[in-house]
Amino acid sequence: MHKPYIAKEIETKWQKEWQKNNVYKASADKKNNYYVLEMFPYPSGKIHMGHVRVYTLGDVLARYKRCSGYNVLHPMGWDAFGMPAENAAFENKIHPAIWTKQNIDNMKKQLKAMGLSYDWDLEFATCDPLYIECQQKIFLDFYKNDLAYRKEAWANWDPVDQTVLSNEQVIDGKGWRSGAKVERRKLPQWFFRITEYADDLIDSLDKLDNWSNQVKIMQKNWIGRSEGLKLKFKIDQRPNDKIDSDNIEVYTTRPDTIFGASFLAIAPDHPIAKSLANNNKELQKFISECNQIGTSEEALEKAEKKGFDTSIKVFHPFEEGEKLPVFVANFVLMSYGTGAIFGVPAHDQRDLDFANKLKLPVKVVVKDKNNNYENIDTVAYTGDGEIINSGILNGMNIHEAKSQVIKLAVNKKIGKKSKQFRLHDWCASRQRYWGCPVPIVLCDNCGIVPVPKADLPVLLPDDVTFEKIGNPLDHHKKWQTVNCPKCNKPAKRETQTFDTFVDSSWYALRYPAPKSKEPIDKKEMLKWSPPDQYVGGIEHAILHLLYSRFFNRGLKKTKYVNFDEPFKGLFCQGMVCHKTFKSPGGWVEPDNVELKGNKAFLKSNNQELEIGRSEKMSKSKKNIVDPMSIIDKYGADTARLFMLSDSPPERDLDWSESGVDGCWKYLKKIWGHFHNYTPPKKNFLILKDAEEGHKKIRREIHICIQNTTDSIETFRYNSAVASIRKLSNLLLGISNNEKSLILDQIILEGWESYLIMLSPITPHIAEELWKLMNPNSSILSQKWPDINEEILKNKKIVMAVQINGKLKNTIEIAPKEIVNKSLQENKALALDNIKNIILNKEPKKIIVIPGRVINIVL
RNA sequence: GCGGAUGUGGUGAAAUUGGCAGACACGCUAGAUUUAGGUUCUAGUGCCGUAAGGCGUGGGGGUUCAAGUCCCUCCAUCCGCACCA
């Protein structure tokens with residue numbers, strides 16, 4: 001009897017051994033350097049299955065590349081600033097720094113138990129004083145180069161707690177702790193000038209060949225470039241003198257529909273609206289209602305369209321005598337275009353909803369050929385068509401009309417062509433404690449004064465309390481008070497800290513030299529950067545990845561780097577999901593559930609539970625499986641194998657206990673096999689003398705090697721696992737009485753290749769089994785198996801024979817017959833069942849696709 | 001609301017360019033061995049049908065000798081929406 005497979009034992013053994021030998025040390029050479037990076041985690045306390053998935057994916061790639069002869073940089077660190085640490089401080093009276101440190105220690109231990117191939121010497125956390133100092137240096141350079149500036153911006157304001165809330169802390173328009181209705185307030189905040197690069201950020205997407213297409217499309221739409229017209233409407237009668245303009249300027253992307261305009265709408269915070277509100281209580285009330293919708297775009301767009309008639313009228317620019325009413329409307333954004341629009345209900349859904357609500361006229365100006373365009377009542381028509389009811393524009397299509405109106409407006413000096421972006425500048429400051437301080441002093445005499453680089457870092461004070469509501473830095477008078485670096489008079493530190501997206505916008509460049517005094521050590525960085533492959537969740541498709549792309553451009557402008565894009569390749573993996581279980585008392589953890597057939601019961605009292613569909617693992621639904629319990633029970637290799645086995649990496653993965661069990665049984669089977677296997681003395685030289693029967697087996701082995709390699713290269717890891725398993729099925733299926741000297745060598749070649757290909761996936765068991773065959777070498781120093789092209793060349797080709805496109809039979813041909821179409825046709829026609837179907841009919845057509853299919857059309 | 005994606009057996013899925021749908025697994029069924037420690041092995045398994053055969057890739061329509069793959073349309077689910085990270 002052989003040794004039982006006790007995963008834990010061999011996994012800790014090899015992890016210790018590899019650590020001792022420092023096998024994952026990154027050392028760059030002149031060429032063949034490869035940088036694999038996975039998105040670093042927020043240290044929330046313990047790892048979850050999402051981490052197991054993304055880090056396994058990255059690890060397979062890192063190990064595969066190392067095995068294929070590359071020098072690999074594969075680092076890990078911590079996105080250590082953020083709100084949860086402050087929440088923990090508030091709830092459990094623990095300092096954010098201590099809480100974060102504890103979490104990092106614990107999670108590091110857990111990641112190590114997964115057997116990931118990181119060079120831990122390169123580890124850092126974004127809350128390290130050195131990282132803070134470096135980031136502040138970069139910020140000062142950005143500020144000097146006009147990439148950062150301060151201006152007023154909206155924030156969610158809790159009027160009871162007297163504090164700023166994140167969108168996450170606003171639930172149904174109410175503060176999460178106070179329950180008070182949340183308002184919007186303007187505060188001075190710090191911005192990065194990302195819009196400066198808007199065009200470049202769109203145009204350069206084309207160059208990112210190794211980025212997933214969907215992310216590129218999402219970013220393009222997010223930036224939202226549009227070409228349109230800024231157009232002035234003359235005000236008929238000014239209601240009060242405080243309005244210092246005779247015009248209201250609107251921005252539109254549909255100048256062609258100008259004759260269908262039935263109103264103007266301005267944003268609640270448009271200067272004219274504000275000015276009117278000064279002596280209009282009703283309007284004041286309306287504006288403050290608008291301010292209660294919240295700051296998220298989703299909330300604004302979903303809110304019921306509401307408007308307030310200002311009683312101002314404006315003249316239609318092209319239609320003599322026509323006047324349009326001006327409304328303040330809750331769906332118009334001050335931050336986009338000019339903060340004012342003209343409304344064309346027939347051809348814009350929002351405008352139509354609004355017009356219907358306020359009983360405004362709907363005038364059709366674009367003819368929809370396919371539908372009844374006379375009556376537009378609830379659905380606006382936004383497509384192309386012939387312009388009607390529009391005087392001089394009649395008969396044009398919308399594109400002709402668009403340029404015609406722009407031309408007319410420019411000639412009349414009431415408009416100009418304008419390019420707009422949906423993207424707005426990045427608000428990167430937060431009114432919170434646990435973040436990197438903005439290194440600025442606010443002085444009554446000198447205004448905004450950067451902290452001199454020599455005085456960095458500006459570190460957070462330790463002695464803060466979280467009992468008082470609001471930003472602890474605001475309450476810390478001693479920390480705030482400094483002398484102005486310019487005039488030396490008493491001044492105040494900026495009490496805002498950076499958005500954590502700032503921390504994660506440049507961390508990849510820090511790994512090559514994480515202890516350098518310089519933010520980015522050029523020499524070391526250039527050996528590796530930018531990362532060849534970045535791996536992370538699709539939920540970061542826009543913000544993190546767009547901010548990183550901007551930041552990299554900023555770093556180029558400030559001469560820290562010499563390339564534009566932060567990541568050469570990008571791969572986004574799907575989420576980890578699990579079924580949900582519900583009892584009348586609420587959600588139930590999978591750990592407390594017993595499955596019998598397709599029913600689920602509560603372990604404690606056998607009560608039957610409702611089984612819900614699979615959803616993203618989340619605390620609220622309690623459908624969480626703790627990775628550590630899986631590693632304890634089955635081992636890291638099983639967990640890793642399961643993560644890769646069934647679902648393609650980019651798709652959501654359904655966690656299933658039986659799937660994990662299957663992986664474990666498989667590893668156990670392989671374990672058993674190798675413990676009973678006595679390999680022959682290696683002599684691969686005799687393989688070239690193999691006869692056809694043996695060659696066939698060897699060919700199949702090499703087909704598996706080829707398929708596995710292709711699948712790994714293209715991130716189809718589930719297919720890679722399938723072909724690896726196919727290879728073991730094949731080798732295990734060769735019966736003992738077939739064996740011979742040559743076949744024994746073929747089988748040995750097969751098993752060695754098998755273990756090497758398995759090793760990036762399940763490194764521990766692969767090493768253990770490798771040592772059984774080769775006690776003096778490590779699997780980590782083996783080369784990825786070569787594909788023997790010569791062997792693959794002579795495989796038989798199977799072709800489908802179809803009648804009217806339906807498969808009826810197959811034929812086999814030799815590779816050299818692939819060019820001989822008539823031979824293939826004749827072979828197909830000679831088949832008995834084909835003859836029977838054709839009988840005496842004359843085929844109308846016979847299509848031969850060489851080497852693939854013969855289709856006989858009757 | 002806007003933007004992006006996904007949809008194939010009982011389940012997870014596979015299928016270079018349109019060219020044999022269901023590889024590899026899980027589950028299930030039957031049988032064998034009795035497993036010594038979470039058994040293993042063999043056979044079967046898309047659906048309907050005794051069979052011949054027919055039907056099958058979310059629904060409907062189309063292009064083609066040929067459609068999971070291309071086009072139109074509808075439906076369902078998931079992700080993001082700028083202060084969660």
# chains A, B, ... in the order shown; residues from 1 in each chain; ligands from 1

$ residues_around --residues "G19 (chain B)" --least-positions-apart "2" --cutoff "8 Å" --atoms "only C-alpha atoms (C1' of nucleotides)" --output "ChimeraX atom specification"
/A:849,852-853 /B:66

$ closest_atom_pairs --of "chain B" --to "chain A" --cutoff "10 Å" --atoms "only C-alpha atoms (C1' of nucleotides)" --output "JSON lines"
{"residue": "B:G1", "atom": "C1'", "partner": "A:Glu301", "partner_atom": "CA", "distance": 5.1}
{"residue": "B:C2", "atom": "C1'", "partner": "A:Glu301", "partner_atom": "CA", "distance": 8.2}
{"residue": "B:G3", "atom": "C1'", "partner": "A:Asn221", "partner_atom": "CA", "distance": 6.5}
{"residue": "B:G4", "atom": "C1'", "partner": "A:Met218", "partner_atom": "CA", "distance": 5.8}
{"residue": "B:A5", "atom": "C1'", "partner": "A:Gln214", "partner_atom": "CA", "distance": 7.6}
{"residue": "B:U6", "atom": "C1'", "partner": "A:Arg651", "partner_atom": "CA", "distance": 8.3}
{"residue": "B:U11", "atom": "C1'", "partner": "A:Ser656", "partner_atom": "CA", "distance": 9.8}
{"residue": "B:G12", "atom": "C1'", "partner": "A:Asp646", "partner_atom": "CA", "distance": 5.5}
{"residue": "B:A13", "atom": "C1'", "partner": "A:Asp646", "partner_atom": "CA", "distance": 6.2}
{"residue": "B:A14", "atom": "C1'", "partner": "A:Ser719", "partner_atom": "CA", "distance": 7.5}
{"residue": "B:G19", "atom": "C1'", "partner": "A:Val853", "partner_atom": "CA", "distance": 5.9}
{"residue": "B:C20", "atom": "C1'", "partner": "A:Ala800", "partner_atom": "CA", "distance": 5.2}
{"residue": "B:A23", "atom": "C1'", "partner": "A:Ala722", "partner_atom": "CA", "distance": 7.9}
{"residue": "B:C24", "atom": "C1'", "partner": "A:Ala722", "partner_atom": "CA", "distance": 4.3}
{"residue": "B:A25", "atom": "C1'", "partner": "A:Asp646", "partner_atom": "CA", "distance": 7.2}
{"residue": "B:C26", "atom": "C1'", "partner": "A:Gly659", "partner_atom": "CA", "distance": 5.7}
{"residue": "B:G27", "atom": "C1'", "partner": "A:Ser658", "partner_atom": "CA", "distance": 8.7}
{"residue": "B:G37", "atom": "C1'", "partner": "A:Pro4", "partner_atom": "CA", "distance": 9.9}
{"residue": "B:G38", "atom": "C1'", "partner": "A:Asp661", "partner_atom": "CA", "distance": 8.7}
{"residue": "B:U40", "atom": "C1'", "partner": "A:Lys669", "partner_atom": "CA", "distance": 9.5}
{"residue": "B:C65", "atom": "C1'", "partner": "A:Val857", "partner_atom": "CA", "distance": 6.3}
{"residue": "B:A66", "atom": "C1'", "partner": "A:Gly805", "partner_atom": "CA", "distance": 5.2}
{"residue": "B:C78", "atom": "C1'", "partner": "A:Glu615", "partner_atom": "CA", "distance": 8.9}
{"residue": "B:C79", "atom": "C1'", "partner": "A:Glu539", "partner_atom": "CA", "distance": 6.4}
{"residue": "B:G80", "atom": "C1'", "partner": "A:Glu539", "partner_atom": "CA", "distance": 6.4}
{"residue": "B:C81", "atom": "C1'", "partner": "A:Glu298", "partner_atom": "CA", "distance": 6.1}
{"residue": "B:A82", "atom": "C1'", "partner": "A:Leu543", "partner_atom": "CA", "distance": 7.4}
{"residue": "B:C83", "atom": "C1'", "partner": "A:Ser166", "partner_atom": "CA", "distance": 4.0}
{"residue": "B:C84", "atom": "C1'", "partner": "A:Glu168", "partner_atom": "CA", "distance": 6.1}
{"residue": "B:A85", "atom": "C1'", "partner": "A:Tyr42", "partner_atom": "CA", "distance": 6.7}

$ write_last_selection --atoms "C-alpha atoms (C1' of nucleotides)" --output "PDB file, in the first residue's frame"
ATOM      1  C1'   G B   1     -32.273  55.496 -17.618  1.00  0.00           C
ATOM      2  C1'   C B   2     -27.378  54.922 -20.124  1.00  0.00           C
ATOM      3  C1'   G B   3     -23.076  51.780 -21.352  1.00  0.00           C
ATOM      4  C1'   G B   4     -20.947  46.713 -21.541  1.00  0.00           C
ATOM      5  C1'   A B   5     -21.457  41.498 -21.510  1.00  0.00           C
ATOM      6  C1'   U B   6     -23.733  36.601 -21.206  1.00  0.00           C
ATOM      7  C1'   U B  11     -25.160  20.774 -14.035  1.00  0.00           C
ATOM      8  C1'   G B  12     -20.176  23.504 -15.257  1.00  0.00           C
ATOM      9  C1'   A B  13     -18.885  23.663 -20.131  1.00  0.00           C
ATOM     10  C1'   A B  14     -16.076  22.440 -25.391  1.00  0.00           C
ATOM     11  C1'   G B  19     -17.822  22.998 -42.064  1.00  0.00           C
ATOM     12  C1'   C B  20     -19.029  16.118 -37.706  1.00  0.00           C
ATOM     13  C1'   A B  23     -14.502  17.424 -25.830  1.00  0.00           C
ATOM     14  C1'   C B  24     -13.180  17.451 -20.393  1.00  0.00           C
ATOM     15  C1'   A B  25     -15.757  17.067 -15.902  1.00  0.00           C
ATOM     16  C1'   C B  26     -19.923  16.949 -12.159  1.00  0.00           C
ATOM     17  C1'   G B  27     -24.412  14.306 -11.499  1.00  0.00           C
ATOM     18  C1'   G B  37     -10.004   5.555   6.765  1.00  0.00           C
ATOM     19  C1'   G B  38     -13.859  11.256   1.969  1.00  0.00           C
ATOM     20  C1'   U B  40     -12.338   2.173  -6.622  1.00  0.00           C
ATOM     21  C1'   C B  65     -24.881  23.920 -49.994  1.00  0.00           C
ATOM     22  C1'   A B  66     -23.888  24.420 -44.610  1.00  0.00           C
ATOM     23  C1'   C B  78     -25.213  39.774 -14.739  1.00  0.00           C
ATOM     24  C1'   C B  79     -21.488  43.978 -14.354  1.00  0.00           C
ATOM     25  C1'   G B  80     -20.414  49.452 -14.288  1.00  0.00           C
ATOM     26  C1'   C B  81     -22.448  54.486 -13.636  1.00  0.00           C
ATOM     27  C1'   A B  82     -17.569  58.766 -11.240  1.00  0.00           C
ATOM     28  C1'   C B  83     -16.984  59.062  -2.769  1.00  0.00           C
ATOM     29  C1'   C B  84     -16.892  50.705  -2.057  1.00  0.00           C
ATOM     30  C1'   A B  85     -12.395  48.835  -3.671  1.00  0.00           C
TER      31        A B  85
END

$ select_by_dssp --residues "region 373-496 of chain A" --states "strand (DSSP E)" --output "CSV table (one decimal) with N, CA and C atoms, in the first residue's frame"
chain,number,residue,atom,x,y,z
A,386,GLU,N,-35.7,61.6,-43.2
A,386,GLU,CA,-35.8,62.8,-43.9
A,386,GLU,C,-36.3,63.9,-43.0
A,387,ILE,N,-35.7,65.1,-43.1
A,387,ILE,CA,-36.1,66.2,-42.3
A,387,ILE,C,-37.4,66.8,-42.8
A,415,GLY,N,-23.5,80.8,-32.8
A,415,GLY,CA,-23.1,79.5,-32.4
A,415,GLY,C,-21.8,79.1,-32.8
A,416,LYS,N,-21.2,78.1,-32.2
A,416,LYS,CA,-19.9,77.5,-32.7
A,416,LYS,C,-19.9,76.0,-32.5
A,417,LYS,N,-19.1,75.4,-33.4
A,417,LYS,CA,-18.9,74.0,-33.4
A,417,LYS,C,-18.2,73.6,-32.1
A,418,SER,N,-18.6,72.5,-31.5
A,418,SER,CA,-18.0,72.3,-30.2
A,418,SER,C,-17.9,70.8,-29.9
A,419,LYS,N,-16.7,70.4,-29.3
A,419,LYS,CA,-16.5,69.0,-29.0
A,419,LYS,C,-16.7,68.9,-27.5
A,420,GLN,N,-17.4,67.9,-27.0
A,420,GLN,CA,-17.7,67.8,-25.6
A,420,GLN,C,-17.3,66.3,-25.2
A,421,PHE,N,-17.0,66.2,-23.9
A,421,PHE,CA,-16.8,64.8,-23.4
A,421,PHE,C,-17.8,64.6,-22.2
A,426,TRP,N,-11.2,64.3,-12.6
A,426,TRP,CA,-11.3,63.3,-11.5
A,426,TRP,C,-11.2,64.0,-10.2
A,427,CYS,N,-12.2,63.9,-9.4
A,427,CYS,CA,-12.2,64.4,-8.1
A,427,CYS,C,-11.5,63.4,-7.2
A,429,SER,N,-10.0,64.0,-4.0
A,429,SER,CA,-9.8,64.2,-2.6
A,429,SER,C,-11.0,63.7,-1.8
A,430,ARG,N,-10.7,63.3,-0.6
A,430,ARG,CA,-11.8,62.7,0.3
A,430,ARG,C,-11.7,63.4,1.7
A,440,ILE,N,-0.5,69.9,1.0
A,440,ILE,CA,-0.7,71.3,0.7
A,440,ILE,C,-1.0,72.1,2.0
A,441,VAL,N,-0.5,73.3,2.0
A,441,VAL,CA,-0.8,74.2,3.1
A,441,VAL,C,-1.7,75.3,2.6
A,442,LEU,N,-2.8,75.6,3.3
A,442,LEU,CA,-3.7,76.7,2.9
A,442,LEU,C,-3.4,77.9,3.8
A,443,CYS,N,-2.9,79.0,3.1
A,443,CYS,CA,-2.5,80.2,3.9
A,443,CYS,C,-3.3,81.4,3.6
A,447,GLY,N,-2.4,81.8,-0.1
A,447,GLY,CA,-3.4,80.9,-0.8
A,447,GLY,C,-2.9,79.5,-0.7
A,448,ILE,N,-3.0,78.8,-1.8
A,448,ILE,CA,-2.6,77.4,-1.9
A,448,ILE,C,-1.1,77.2,-2.0
A,449,VAL,N,-0.4,76.6,-1.0
A,449,VAL,CA,1.0,76.5,-1.0
A,449,VAL,C,1.4,75.0,-0.9
A,450,PRO,N,2.2,74.5,-1.9
A,450,PRO,CA,2.6,73.1,-1.8
A,450,PRO,C,3.6,72.9,-0.7
A,481,THR,N,-2.2,72.8,12.2
A,481,THR,CA,-1.6,74.1,12.3
A,481,THR,C,-0.1,74.0,12.0
A,482,VAL,N,0.3,74.7,10.9
A,482,VAL,CA,1.7,74.8,10.5
A,482,VAL,C,2.0,76.2,10.1
A,483,ASN,N,3.3,76.5,10.0
A,483,ASN,CA,3.7,77.8,9.4
A,483,ASN,C,3.7,77.6,7.9
A,490,PRO,N,1.4,81.7,10.5
A,490,PRO,CA,0.5,80.5,10.9
A,490,PRO,C,-0.5,80.2,9.7
A,491,ALA,N,-0.6,79.0,9.3
A,491,ALA,CA,-1.5,78.6,8.3
A,491,ALA,C,-2.0,77.2,8.6
A,492,LYS,N,-2.8,76.6,7.7
A,492,LYS,CA,-3.5,75.4,8.0
A,492,LYS,C,-3.2,74.3,6.9
A,493,ARG,N,-3.0,73.1,7.4
A,493,ARG,CA,-2.8,72.0,6.4
A,493,ARG,C,-4.1,71.7,5.7

$ residues_around --residues "Pro75 (chain A)" --least-positions-apart "3" --cutoff "12 Å" --atoms "only C-alpha atoms (C1' of nucleotides)" --output "PyMOL selection string"
chain A and resi 24-26+34-40+55+58-59+62+72+78+116-125+507-514+528+531+534

$ select_by_dssp --residues "region 357-457 of chain A" --states "alpha helix (DSSP H)" --output "JSON, numbers by chain"
{"A": [357, 358, 398, 399, 400, 401, 402, 403, 404, 405, 406, 407, 408, 409, 410, 411]}

$ write_last_selection --atoms "C-alpha atoms" --output "compact mmCIF listing (two decimals), in the first residue's frame"
# COMPACT_ATOMS: atom_id res chain seq x y z
CA LYS A 357 -45.43 65.62 -18.04
CA LEU A 358 -45.66 69.37 -18.58
CA ILE A 398 -30.05 64.36 -40.47
CA HIS A 399 -26.33 64.58 -41.25
CA GLU A 400 -26.79 67.18 -43.96
CA ALA A 401 -29.15 69.13 -41.72
CA LYS A 402 -26.69 68.96 -38.86
CA SER A 403 -23.87 70.60 -40.78
CA GLN A 404 -26.26 73.08 -42.39
CA VAL A 405 -27.52 74.31 -39.01
CA ILE A 406 -23.97 74.57 -37.67
CA LYS A 407 -23.04 76.64 -40.72
CA LEU A 408 -26.06 78.93 -40.34
CA ALA A 409 -25.43 79.42 -36.62
CA VAL A 410 -21.79 80.25 -37.19
CA ASN A 411 -22.69 82.75 -39.92

$ decode --residues "region 409-418 of chain A" --atoms "all heavy atoms" --output "PDB file, in the first residue's frame"
ATOM      1  N   ALA A 409     -25.630  78.838 -37.946  1.00  0.00           N
ATOM      2  CA  ALA A 409     -25.430  79.424 -36.617  1.00  0.00           C
ATOM      3  C   ALA A 409     -24.110  80.183 -36.562  1.00  0.00           C
ATOM      4  O   ALA A 409     -24.024  81.263 -35.967  1.00  0.00           O
ATOM      5  CB  ALA A 409     -25.480  78.340 -35.557  1.00  0.00           C
ATOM      6  N   VAL A 410     -23.093  79.596 -37.187  1.00  0.00           N
ATOM      7  CA  VAL A 410     -21.786  80.252 -37.191  1.00  0.00           C
ATOM      8  C   VAL A 410     -21.870  81.566 -37.965  1.00  0.00           C
ATOM      9  O   VAL A 410     -21.382  82.611 -37.516  1.00  0.00           O
ATOM     10  CB  VAL A 410     -20.703  79.318 -37.782  1.00  0.00           C
ATOM     11  CG1 VAL A 410     -19.399  80.070 -37.990  1.00  0.00           C
ATOM     12  CG2 VAL A 410     -20.483  78.125 -36.863  1.00  0.00           C
ATOM     13  N   ASN A 411     -22.546  81.539 -39.121  1.00  0.00           N
ATOM     14  CA  ASN A 411     -22.695  82.745 -39.925  1.00  0.00           C
ATOM     15  C   ASN A 411     -23.440  83.843 -39.174  1.00  0.00           C
ATOM     16  O   ASN A 411     -23.103  85.016 -39.267  1.00  0.00           O
ATOM     17  CB  ASN A 411     -23.451  82.440 -41.229  1.00  0.00           C
ATOM     18  CG  ASN A 411     -22.562  81.663 -42.185  1.00  0.00           C
ATOM     19  OD1 ASN A 411     -21.336  81.620 -41.996  1.00  0.00           O
ATOM     20  ND2 ASN A 411     -23.156  81.047 -43.191  1.00  0.00           N
ATOM     21  N   LYS A 412     -24.458  83.440 -38.437  1.00  0.00           N
ATOM     22  CA  LYS A 412     -25.243  84.436 -37.683  1.00  0.00           C
ATOM     23  C   LYS A 412     -24.528  84.861 -36.404  1.00  0.00           C
ATOM     24  O   LYS A 412     -25.066  85.640 -35.624  1.00  0.00           O
ATOM     25  CB  LYS A 412     -26.604  83.841 -37.300  1.00  0.00           C
ATOM     26  CG  LYS A 412     -27.628  83.867 -38.431  1.00  0.00           C
ATOM     27  CD  LYS A 412     -28.958  83.273 -37.984  1.00  0.00           C
ATOM     28  CE  LYS A 412     -29.874  84.335 -37.363  1.00  0.00           C
ATOM     29  NZ  LYS A 412     -31.226  83.794 -37.127  1.00  0.00           N
ATOM     30  N   LYS A 413     -23.347  84.276 -36.177  1.00  0.00           N
ATOM     31  CA  LYS A 413     -22.558  84.557 -34.969  1.00  0.00           C
ATOM     32  C   LYS A 413     -23.330  84.242 -33.685  1.00  0.00           C
ATOM     33  O   LYS A 413     -23.205  84.944 -32.682  1.00  0.00           O
ATOM     34  CB  LYS A 413     -22.090  86.012 -34.968  1.00  0.00           C
ATOM     35  CG  LYS A 413     -21.161  86.343 -36.119  1.00  0.00           C
ATOM     36  CD  LYS A 413     -20.356  87.593 -35.815  1.00  0.00           C
ATOM     37  CE  LYS A 413     -19.170  87.764 -36.726  1.00  0.00           C
ATOM     38  NZ  LYS A 413     -19.469  87.717 -38.178  1.00  0.00           N
ATOM     39  N   ILE A 414     -24.190  83.216 -33.721  1.00  0.00           N
ATOM     40  CA  ILE A 414     -24.884  82.816 -32.497  1.00  0.00           C
ATOM     41  C   ILE A 414     -24.452  81.410 -32.065  1.00  0.00           C
ATOM     42  O   ILE A 414     -24.980  80.863 -31.107  1.00  0.00           O
ATOM     43  CB  ILE A 414     -26.420  82.818 -32.669  1.00  0.00           C
ATOM     44  CG1 ILE A 414     -26.821  81.994 -33.907  1.00  0.00           C
ATOM     45  CG2 ILE A 414     -26.941  84.253 -32.770  1.00  0.00           C
ATOM     46  CD1 ILE A 414     -28.304  81.729 -34.010  1.00  0.00           C
ATOM     47  N   GLY A 415     -23.522  80.824 -32.798  1.00  0.00           N
ATOM     48  CA  GLY A 415     -23.138  79.473 -32.398  1.00  0.00           C
ATOM     49  C   GLY A 415     -21.750  79.128 -32.850  1.00  0.00           C
ATOM     50  O   GLY A 415     -21.150  79.813 -33.675  1.00  0.00           O
ATOM     51  N   LYS A 416     -21.203  78.080 -32.245  1.00  0.00           N
ATOM     52  CA  LYS A 416     -19.930  77.550 -32.720  1.00  0.00           C
ATOM     53  C   LYS A 416     -19.882  76.034 -32.519  1.00  0.00           C
ATOM     54  O   LYS A 416     -20.499  75.493 -31.606  1.00  0.00           O
ATOM     55  CB  LYS A 416     -18.758  78.257 -32.021  1.00  0.00           C
ATOM     56  CG  LYS A 416     -18.758  78.162 -30.522  1.00  0.00           C
ATOM     57  CD  LYS A 416     -17.493  78.821 -29.987  1.00  0.00           C
ATOM     58  CE  LYS A 416     -17.385  78.632 -28.488  1.00  0.00           C
ATOM     59  NZ  LYS A 416     -17.558  79.817 -27.683  1.00  0.00           N
ATOM     60  N   LYS A 417     -19.128  75.441 -33.431  1.00  0.00           N
ATOM     61  CA  LYS A 417     -18.942  74.000 -33.373  1.00  0.00           C
ATOM     62  C   LYS A 417     -18.222  73.650 -32.070  1.00  0.00           C
ATOM     63  O   LYS A 417     -17.332  74.405 -31.655  1.00  0.00           O
ATOM     64  CB  LYS A 417     -18.060  73.574 -34.549  1.00  0.00           C
ATOM     65  CG  LYS A 417     -18.430  72.254 -35.120  1.00  0.00           C
ATOM     66  CD  LYS A 417     -17.651  71.999 -36.397  1.00  0.00           C
ATOM     67  CE  LYS A 417     -17.707  70.519 -36.697  1.00  0.00           C
ATOM     68  NZ  LYS A 417     -17.113  70.185 -37.977  1.00  0.00           N
ATOM     69  N   SER A 418     -18.591  72.547 -31.457  1.00  0.00           N
ATOM     70  CA  SER A 418     -17.986  72.272 -30.158  1.00  0.00           C
ATOM     71  C   SER A 418     -17.853  70.773 -29.927  1.00  0.00           C
ATOM     72  O   SER A 418     -18.724  69.995 -30.283  1.00  0.00           O
ATOM     73  CB  SER A 418     -18.852  72.901 -29.074  1.00  0.00           C
ATOM     74  OG  SER A 418     -18.446  72.457 -27.812  1.00  0.00           O
TER      75      SER A 418
END
